[in-house]
Amino acid sequence: MRRILRHQTREKGTKGPPAMIVTAESVWACVGRIRAAAPLVHNITNYVVMNTTANALLALGASPVMSHAEEEVRDMAALAGALVINLGTISRPWVRSAFLAAGAAREKGIPVVFDPVGAGATAYRTNTFRDLIREFPPAIIRGNASEILALATAASRTKGVDSTESSDRALDAARLLNGETGAAVCVSGETDYVIQGPRLIRVRNGHPMMPRVTGLGCTASALCGPSPPWSPTPRGRPRRPWPSWAWPGKRPPGKPRARGRSSTGSSTPSTESAKRISANF
Amino acid sequence: MRRILRHQTREKGTKGPPAMIVTAESVWACVGRIRAAAPLVHNITNYVVMNTTANALLALGASPVMSHAEEEVRDMAALAGALVINLGTISRPWVRSAFLAAGAAREKGIPVVFDPVGAGATAYRTNTFRDLIREFPPAIIRGNASEILALATAASRTKGVDSTESSDRALDAARLLNGETGAAVCVSGETDYVIQGPRLIRVRNGHPMMPRVTGLGCTASALCGPSPPWSPTPRGRPRRPWPSWAWPGKRPPGKPRARGRSSTGSSTPSTESAKRISANF
Amino acid sequence: MRRILRHQTREKGTKGPPAMIVTAESVWACVGRIRAAAPLVHNITNYVVMNTTANALLALGASPVMSHAEEEVRDMAALAGALVINLGTISRPWVRSAFLAAGAAREKGIPVVFDPVGAGATAYRTNTFRDLIREFPPAIIRGNASEILALATAASRTKGVDSTESSDRALDAARLLNGETGAAVCVSGETDYVIQGPRLIRVRNGHPMMPRVTGLGCTASALCGPSPPWSPTPRGRPRRPWPSWAWPGKRPPGKPRARGRSSTGSSTPSTESAKRISANF
């Protein structure tokens, strides 16, 4: 069986979480757990990807529902195993619903995945996203480099976001964002980075054609929802991620880590320690 | 030519409508009539399936339009040969438009197909759907077992809907709903059931993979719209259905049968009389 | 290399713009320029085609964004190389946003493509579209014959639109619309016509199956956005179109030609002068 390796990068000699080994077997076992649990995943997502992400969640074995009416999002979120918020086609009614649903998810201990589509493009978008993650810190944030930079620079009170920044800068922004919100932060691109406290994972699964297909990032975010050990019951807690696209928070959402904690995650990624993780679907 | 059988199940010795024989030829003739008429089908449908159902209706030969603005739904419904209402991504403006369009359809005698997506999941959804079918009884209702149960228990004033109920229970609920509203009720699943008065049809065309693809139920509902002998003119009346997915009402919409009429539909389905109907598209 | 011919039809002996020769090489060079510039294309488009047109724009090399919130459309349009407005699933909030975005585009000199989906079907739709193109004349209008007729008869203050009108009538309507708004007008069908002042182009690329697939017209409109020499900067001006689907205005949007100018475009299309333009993608 082909091995799929995931290495946690860690400074030599520093203390940190144990390394994780990921194999095709362990990934398949995760898929099996999702299929057995068939968790309801409540999506407040954008129009462009609704069909795509619904099918992706179904293919994985989850049960997606797209629901955004103010009148029902609290009820729907309370039924779900996870809530995915993606305001890619942002509008005022959807923003209201996202806040309502995120509040219900916090009350019930339901993990929230947030995708900051287009953060940095307009002030309305960026400010809304910042307000949302500050008021309701999600379990996972997944975005591309410029989106993570746009979110993080709010946290650090700096201004100006440039999507041409180097990925090193996106990593620092991701650490900052993780420290501020407690969310596991995934910066996706040709190489995906996942940051959670002192942990950093690289997933080198990107392909140059991926940015030429709409909604692949949104799909990755949606698939972060049904992480297998998350119970589909209202009391579900994220414990372990489905490893090939994100590393979710191990603590319940809504309890951000203390400020500055991210400074302990001082490990810098060393190229030689990052192994290619391949998953063939 | 391969025969496609449709048997109406009926208790031996009881009076009831004559059995129908469906062949591939008769199905193809129906498709031919749809293509010749090219009826405009007005869809007030959900975001997830808009593209899918538009293409399905086009493939069948109908002319779909997706329209939900309060300012135009009455005009659009009045132009159409059928109105399909699917509030799968329910919100207040769409609910208003669904009521307006259903009212216009009733005035003009245009048949309405209603898909109660997610009935039973939240109170807002269930109550809205119940109000809609009570005020504007559709010609056809198509849903899965738990959705039909959720709708029907409102009609019978009972509470509690459990999607794990057996299909026998869903059949009783469908009969109740048919009696209350006069709508032909289709309970879809691995086997589809269509109930209209004393008639019951089973269509055993389901495949275990179908629930893993989003929007197939919504597509079935959309395709109930352009039933071939329905005239595309405002005065069109449903007369005979396209038989492979539903059995629409034979009476104009908006005239529900008298309460209790469904009790005459006492035929219970006998397994031996139900034949597999296969259609290869 | 296979030649792709585009002939401008012109009355013998009249003065007019020089003929254009289009080859596969020149088309490919245009694609190369789009890919190099990767212009942001701001779409206010309908739900049915959002995914399709996003992927089409990505395939061409542009960077699509779907954005319609009142709070951000002015900012988004100002960032874009082109704005595509398609109110196929019209509603009041989207109409407000279309006017706001079109206003921002005019201020910044950004070309606007307008697709009058369903013009003529309802009064709300037709009147809204007429108001929009009158207040903010776009660089390009692309619609089918009945949509162009519905728009143009407003311009000429006549009433009654019949989709069964001959294509000659649609051509006259397109000329009228071009004269009123200054927009290059594309009437698409089995043969596409593009009218701009005295120029008329026929593109005979249609296929009888094309009307049976949803969103192909909307996709053609979206692809008019990233015409290659349009700069992705706010000061971008349309200069030359990507020739295989439309011939955009050569003047900045918002400056309609003087009334009556179209009367100088008196060339009538002669069948023999129209050559088939083929593009294989």
# chains A, B, ... in the order shown; residues from 1 in each chain; ligands from 1
>>> residues_around(residues="stretch 68-79 of chain C", least_positions_apart="6", cutoff="7 Å", atoms="only C-alpha atoms", output="list in words")
Ile90, Ser91, Thr122 and Tyr124 of chain A; His42, Ile44, Trp94, Ser97, Leu100, Ala101, Ala104, Ala105, Lys108 and Pro234 of chain C
>>> write_last_selection(atoms="N, CA and C atoms", output="tab-separated table (two decimals), in the first residue's frame")
chain	number	residue	atom	x	y	z
A	90	ILE	N	-21.17	37.53	-0.97
A	90	ILE	CA	-21.65	38.21	0.25
A	90	ILE	C	-22.84	39.13	-0.05
A	91	SER	N	-23.77	39.17	0.88
A	91	SER	CA	-24.85	40.17	0.87
A	91	SER	C	-25.34	40.30	2.31
A	122	THR	N	-12.59	44.03	-1.07
A	122	THR	CA	-13.36	45.23	-0.75
A	122	THR	C	-13.42	45.38	0.77
A	124	TYR	N	-15.98	46.14	2.61
A	124	TYR	CA	-17.17	45.49	3.18
A	124	TYR	C	-16.89	44.03	3.51
C	42	HIS	N	-15.62	41.53	-13.32
C	42	HIS	CA	-16.65	41.61	-12.29
C	42	HIS	C	-17.99	41.22	-12.91
C	44	ILE	N	-22.03	40.59	-12.39
C	44	ILE	CA	-23.30	40.61	-11.66
C	44	ILE	C	-24.20	39.76	-12.53
C	94	TRP	N	-30.57	43.12	-6.82
C	94	TRP	CA	-29.58	43.00	-7.90
C	94	TRP	C	-29.70	44.16	-8.88
C	97	SER	N	-27.87	47.01	-7.38
C	97	SER	CA	-26.42	46.82	-7.49
C	97	SER	C	-25.92	47.01	-8.91
C	100	LEU	N	-25.58	50.69	-9.46
C	100	LEU	CA	-24.43	51.20	-8.72
C	100	LEU	C	-23.12	50.82	-9.41
C	101	ALA	N	-23.01	49.56	-9.80
C	101	ALA	CA	-21.77	49.10	-10.42
C	101	ALA	C	-21.56	49.76	-11.78
C	104	ALA	N	-20.19	53.15	-11.23
C	104	ALA	CA	-18.76	53.12	-10.89
C	104	ALA	C	-17.92	52.82	-12.12
C	105	ALA	N	-18.42	51.90	-12.96
C	105	ALA	CA	-17.67	51.56	-14.18
C	105	ALA	C	-17.54	52.77	-15.09
C	108	LYS	N	-14.93	55.22	-13.86
C	108	LYS	CA	-13.55	54.74	-14.01
C	108	LYS	C	-13.20	54.38	-15.46
C	234	PRO	N	-7.98	50.37	-13.85
C	234	PRO	CA	-9.21	51.16	-13.86
C	234	PRO	C	-9.33	52.06	-15.07
>>> closest_atom_pairs(of="chain A", to="chain C", cutoff="9 Å", atoms="only C-alpha atoms", output="Markdown table")
| residue | atom | partner | partner_atom | distance |
| --- | --- | --- | --- | --- |
| A:Tyr47 | CA | C:Tyr47 | CA | 6.6 |
| A:Val48 | CA | C:Asn51 | CA | 4.8 |
| A:Val49 | CA | C:Asn51 | CA | 6.7 |
| A:Asn51 | CA | C:Asn51 | CA | 8.8 |
| A:Thr52 | CA | C:Asn51 | CA | 8.9 |
| A:Gly88 | CA | C:Met66 | CA | 8.0 |
| A:Thr89 | CA | C:Ser67 | CA | 5.6 |
| A:Ile90 | CA | C:Ala69 | CA | 6.3 |
| A:Ser91 | CA | C:Ala69 | CA | 4.8 |
| A:Arg92 | CA | C:Ala69 | CA | 7.3 |
| A:Gly118 | CA | C:Val65 | CA | 8.7 |
| A:Ala121 | CA | C:Met76 | CA | 7.2 |
| A:Thr122 | CA | C:Asp75 | CA | 6.1 |
| A:Ala123 | CA | C:Glu72 | CA | 7.5 |
| A:Tyr124 | CA | C:Glu72 | CA | 6.0 |
| A:Arg125 | CA | C:Glu72 | CA | 7.5 |
| A:Pro211 | CA | C:Leu58 | CA | 8.2 |
| A:Arg212 | CA | C:Leu58 | CA | 5.2 |
| A:Val213 | CA | C:Asn55 | CA | 5.9 |
| A:Thr214 | CA | C:Asn55 | CA | 5.7 |
| A:Gly215 | CA | C:Asn51 | CA | 8.4 |
>>> atom_distance(atom1="atom CA of A:Gly109", atom2="atom CA of A:Pro137")
12.0 Å
>>> select_by_dssp(residues="stretch 50-240 of chain B", states="alpha helix (DSSP H)", output="PyMOL selection string")
chain B and resi 50-60+73-79+92-108+123-135+145-155+167-181+216-223
>>> select_by_dssp(residues="stretch 56-207 of chain B", states="strand (DSSP E or B)", output="PDB file with N, CA and C atoms, in the first residue's frame")
ATOM      1  N   SER B  63     -38.950  24.435 -22.178  1.00  0.00           N
ATOM      2  CA  SER B  63     -38.254  25.707 -22.163  1.00  0.00           C
ATOM      3  C   SER B  63     -38.298  26.257 -20.743  1.00  0.00           C
ATOM      4  N   PRO B  64     -37.213  26.062 -19.962  1.00  0.00           N
ATOM      5  CA  PRO B  64     -37.246  26.478 -18.559  1.00  0.00           C
ATOM      6  C   PRO B  64     -36.973  27.967 -18.383  1.00  0.00           C
ATOM      7  N   VAL B  65     -37.608  28.564 -17.400  1.00  0.00           N
ATOM      8  CA  VAL B  65     -37.205  29.900 -16.977  1.00  0.00           C
ATOM      9  C   VAL B  65     -37.154  29.899 -15.459  1.00  0.00           C
ATOM     10  N   MET B  66     -36.086  30.470 -14.918  1.00  0.00           N
ATOM     11  CA  MET B  66     -35.919  30.598 -13.482  1.00  0.00           C
ATOM     12  C   MET B  66     -36.234  32.045 -13.126  1.00  0.00           C
ATOM     13  N   ALA B  82     -46.447  25.321 -16.995  1.00  0.00           N
ATOM     14  CA  ALA B  82     -46.414  24.718 -15.662  1.00  0.00           C
ATOM     15  C   ALA B  82     -45.533  25.565 -14.767  1.00  0.00           C
ATOM     16  N   LEU B  83     -45.816  25.477 -13.463  1.00  0.00           N
ATOM     17  CA  LEU B  83     -45.027  26.186 -12.458  1.00  0.00           C
ATOM     18  C   LEU B  83     -44.451  25.151 -11.492  1.00  0.00           C
ATOM     19  N   VAL B  84     -43.138  25.181 -11.304  1.00  0.00           N
ATOM     20  CA  VAL B  84     -42.482  24.259 -10.368  1.00  0.00           C
ATOM     21  C   VAL B  84     -41.969  25.073  -9.193  1.00  0.00           C
ATOM     22  N   ILE B  85     -42.425  24.741  -7.991  1.00  0.00           N
ATOM     23  CA  ILE B  85     -41.994  25.471  -6.795  1.00  0.00           C
ATOM     24  C   ILE B  85     -41.153  24.538  -5.926  1.00  0.00           C
ATOM     25  N   ASN B  86     -39.929  24.978  -5.651  1.00  0.00           N
ATOM     26  CA  ASN B  86     -38.973  24.186  -4.877  1.00  0.00           C
ATOM     27  C   ASN B  86     -38.215  25.169  -4.002  1.00  0.00           C
ATOM     28  N   VAL B 112     -49.348  23.225 -10.972  1.00  0.00           N
ATOM     29  CA  VAL B 112     -48.211  23.522 -10.109  1.00  0.00           C
ATOM     30  C   VAL B 112     -47.631  22.214  -9.580  1.00  0.00           C
ATOM     31  N   VAL B 113     -46.310  22.104  -9.646  1.00  0.00           N
ATOM     32  CA  VAL B 113     -45.599  20.984  -9.027  1.00  0.00           C
ATOM     33  C   VAL B 113     -44.894  21.540  -7.804  1.00  0.00           C
ATOM     34  N   PHE B 114     -45.023  20.851  -6.673  1.00  0.00           N
ATOM     35  CA  PHE B 114     -44.382  21.351  -5.456  1.00  0.00           C
ATOM     36  C   PHE B 114     -43.430  20.302  -4.892  1.00  0.00           C
ATOM     37  N   ASP B 115     -42.208  20.740  -4.591  1.00  0.00           N
ATOM     38  CA  ASP B 115     -41.205  19.854  -4.011  1.00  0.00           C
ATOM     39  C   ASP B 115     -40.881  20.364  -2.609  1.00  0.00           C
ATOM     40  N   ILE B 140     -49.222  18.293  -8.297  1.00  0.00           N
ATOM     41  CA  ILE B 140     -48.298  17.209  -7.942  1.00  0.00           C
ATOM     42  C   ILE B 140     -47.438  17.659  -6.769  1.00  0.00           C
ATOM     43  N   ILE B 141     -47.252  16.736  -5.820  1.00  0.00           N
ATOM     44  CA  ILE B 141     -46.257  16.933  -4.763  1.00  0.00           C
ATOM     45  C   ILE B 141     -45.262  15.781  -4.871  1.00  0.00           C
ATOM     46  N   ARG B 142     -43.970  16.103  -4.965  1.00  0.00           N
ATOM     47  CA  ARG B 142     -42.966  15.040  -4.994  1.00  0.00           C
ATOM     48  C   ARG B 142     -41.926  15.273  -3.926  1.00  0.00           C
ATOM     49  N   GLY B 143     -41.720  14.316  -3.057  1.00  0.00           N
ATOM     50  CA  GLY B 143     -40.722  14.438  -2.010  1.00  0.00           C
ATOM     51  C   GLY B 143     -40.208  13.076  -1.605  1.00  0.00           C
ATOM     52  N   ASN B 144     -39.183  13.054  -0.732  1.00  0.00           N
ATOM     53  CA  ASN B 144     -38.747  11.759  -0.211  1.00  0.00           C
ATOM     54  C   ASN B 144     -39.632  11.381   0.978  1.00  0.00           C
ATOM     55  N   ALA B 184     -51.635  14.726  -6.775  1.00  0.00           N
ATOM     56  CA  ALA B 184     -50.947  13.447  -6.938  1.00  0.00           C
ATOM     57  C   ALA B 184     -49.674  13.534  -6.112  1.00  0.00           C
ATOM     58  N   VAL B 185     -49.439  12.512  -5.262  1.00  0.00           N
ATOM     59  CA  VAL B 185     -48.291  12.576  -4.367  1.00  0.00           C
ATOM     60  C   VAL B 185     -47.291  11.502  -4.769  1.00  0.00           C
ATOM     61  N   CYS B 186     -46.060  11.921  -5.018  1.00  0.00           N
ATOM     62  CA  CYS B 186     -45.003  10.978  -5.350  1.00  0.00           C
ATOM     63  C   CYS B 186     -44.015  10.918  -4.209  1.00  0.00           C
ATOM     64  N   VAL B 187     -43.836   9.698  -3.657  1.00  0.00           N
ATOM     65  CA  VAL B 187     -42.819   9.488  -2.635  1.00  0.00           C
ATOM     66  C   VAL B 187     -41.654   8.818  -3.335  1.00  0.00           C
ATOM     67  N   SER B 188     -40.561   9.530  -3.478  1.00  0.00           N
ATOM     68  CA  SER B 188     -39.463   8.934  -4.232  1.00  0.00           C
ATOM     69  C   SER B 188     -38.454   8.304  -3.288  1.00  0.00           C
ATOM     70  N   ASP B 192     -40.108   4.399  -6.226  1.00  0.00           N
ATOM     71  CA  ASP B 192     -40.994   5.566  -6.186  1.00  0.00           C
ATOM     72  C   ASP B 192     -42.434   5.089  -6.095  1.00  0.00           C
ATOM     73  N   TYR B 193     -43.212   5.760  -5.296  1.00  0.00           N
ATOM     74  CA  TYR B 193     -44.647   5.500  -5.232  1.00  0.00           C
ATOM     75  C   TYR B 193     -45.381   6.747  -5.705  1.00  0.00           C
ATOM     76  N   VAL B 194     -46.410   6.546  -6.501  1.00  0.00           N
ATOM     77  CA  VAL B 194     -47.261   7.668  -6.901  1.00  0.00           C
ATOM     78  C   VAL B 194     -48.681   7.331  -6.495  1.00  0.00           C
ATOM     79  N   ILE B 195     -49.274   8.257  -5.750  1.00  0.00           N
ATOM     80  CA  ILE B 195     -50.624   8.047  -5.226  1.00  0.00           C
ATOM     81  C   ILE B 195     -51.540   9.143  -5.750  1.00  0.00           C
ATOM     82  N   GLN B 196     -52.664   8.710  -6.307  1.00  0.00           N
ATOM     83  CA  GLN B 196     -53.685   9.670  -6.714  1.00  0.00           C
ATOM     84  C   GLN B 196     -55.047   8.989  -6.559  1.00  0.00           C
ATOM     85  N   ARG B 199     -55.607   5.191  -7.011  1.00  0.00           N
ATOM     86  CA  ARG B 199     -54.490   4.626  -7.762  1.00  0.00           C
ATOM     87  C   ARG B 199     -53.193   4.636  -6.978  1.00  0.00           C
ATOM     88  N   LEU B 200     -52.411   3.594  -7.167  1.00  0.00           N
ATOM     89  CA  LEU B 200     -51.054   3.566  -6.618  1.00  0.00           C
ATOM     90  C   LEU B 200     -50.126   2.950  -7.657  1.00  0.00           C
ATOM     91  N   ILE B 201     -49.051   3.633  -7.922  1.00  0.00           N
ATOM     92  CA  ILE B 201     -48.073   3.119  -8.880  1.00  0.00           C
ATOM     93  C   ILE B 201     -46.735   2.974  -8.179  1.00  0.00           C
ATOM     94  N   ARG B 202     -46.055   1.895  -8.489  1.00  0.00           N
ATOM     95  CA  ARG B 202     -44.676   1.752  -8.028  1.00  0.00           C
ATOM     96  C   ARG B 202     -43.755   1.841  -9.224  1.00  0.00           C
ATOM     97  N   VAL B 203     -42.698   2.592  -9.077  1.00  0.00           N
ATOM     98  CA  VAL B 203     -41.671   2.669 -10.114  1.00  0.00           C
ATOM     99  C   VAL B 203     -40.362   2.258  -9.458  1.00  0.00           C
TER     100      VAL B 203
END
>>> decode(residues="stretch 104-143 of chain A", atoms="C-alpha atoms", output="PDB file, in the first residue's frame")
ATOM      1  CA  ALA A 104     -26.103  28.762  17.500  1.00  0.00           C
ATOM      2  CA  ALA A 105     -23.087  26.618  16.653  1.00  0.00           C
ATOM      3  CA  ARG A 106     -21.160  28.063  19.595  1.00  0.00           C
ATOM      4  CA  GLU A 107     -24.033  27.410  21.970  1.00  0.00           C
ATOM      5  CA  LYS A 108     -24.230  23.808  20.859  1.00  0.00           C
ATOM      6  CA  GLY A 109     -20.484  23.225  20.569  1.00  0.00           C
ATOM      7  CA  ILE A 110     -20.658  22.625  16.835  1.00  0.00           C
ATOM      8  CA  PRO A 111     -17.400  23.239  14.953  1.00  0.00           C
ATOM      9  CA  VAL A 112     -17.365  26.016  12.381  1.00  0.00           C
ATOM     10  CA  VAL A 113     -15.234  26.170   9.233  1.00  0.00           C
ATOM     11  CA  PHE A 114     -14.766  29.628   7.747  1.00  0.00           C
ATOM     12  CA  ASP A 115     -13.632  30.429   4.223  1.00  0.00           C
ATOM     13  CA  PRO A 116     -12.742  34.136   3.776  1.00  0.00           C
ATOM     14  CA  VAL A 117     -13.395  34.239   0.014  1.00  0.00           C
ATOM     15  CA  GLY A 118     -12.156  37.486  -1.439  1.00  0.00           C
ATOM     16  CA  ALA A 119     -10.965  38.983   1.843  1.00  0.00           C
ATOM     17  CA  GLY A 120      -8.989  42.065   0.974  1.00  0.00           C
ATOM     18  CA  ALA A 121     -10.878  42.780  -2.250  1.00  0.00           C
ATOM     19  CA  THR A 122     -13.360  45.227  -0.749  1.00  0.00           C
ATOM     20  CA  ALA A 123     -13.661  46.888   2.629  1.00  0.00           C
ATOM     21  CA  TYR A 124     -17.167  45.492   3.179  1.00  0.00           C
ATOM     22  CA  ARG A 125     -15.959  41.964   2.701  1.00  0.00           C
ATOM     23  CA  THR A 126     -12.805  42.265   4.744  1.00  0.00           C
ATOM     24  CA  ASN A 127     -14.434  44.073   7.649  1.00  0.00           C
ATOM     25  CA  THR A 128     -17.364  41.654   7.772  1.00  0.00           C
ATOM     26  CA  PHE A 129     -15.076  38.656   7.841  1.00  0.00           C
ATOM     27  CA  ARG A 130     -12.902  40.154  10.562  1.00  0.00           C
ATOM     28  CA  ASP A 131     -15.945  40.944  12.680  1.00  0.00           C
ATOM     29  CA  LEU A 132     -17.270  37.429  12.247  1.00  0.00           C
ATOM     30  CA  ILE A 133     -14.105  35.577  13.227  1.00  0.00           C
ATOM     31  CA  ARG A 134     -13.533  37.930  16.142  1.00  0.00           C
ATOM     32  CA  GLU A 135     -17.035  37.439  17.541  1.00  0.00           C
ATOM     33  CA  PHE A 136     -17.271  33.731  16.720  1.00  0.00           C
ATOM     34  CA  PRO A 137     -13.796  32.232  16.368  1.00  0.00           C
ATOM     35  CA  PRO A 138     -14.103  29.223  14.054  1.00  0.00           C
ATOM     36  CA  ALA A 139     -12.421  25.859  14.461  1.00  0.00           C
ATOM     37  CA  ILE A 140     -10.831  26.112  11.018  1.00  0.00           C
ATOM     38  CA  ILE A 141     -10.068  28.988   8.656  1.00  0.00           C
ATOM     39  CA  ARG A 142      -9.063  28.068   5.098  1.00  0.00           C
ATOM     40  CA  GLY A 143      -8.104  30.621   2.490  1.00  0.00           C
TER      41      GLY A 143
END
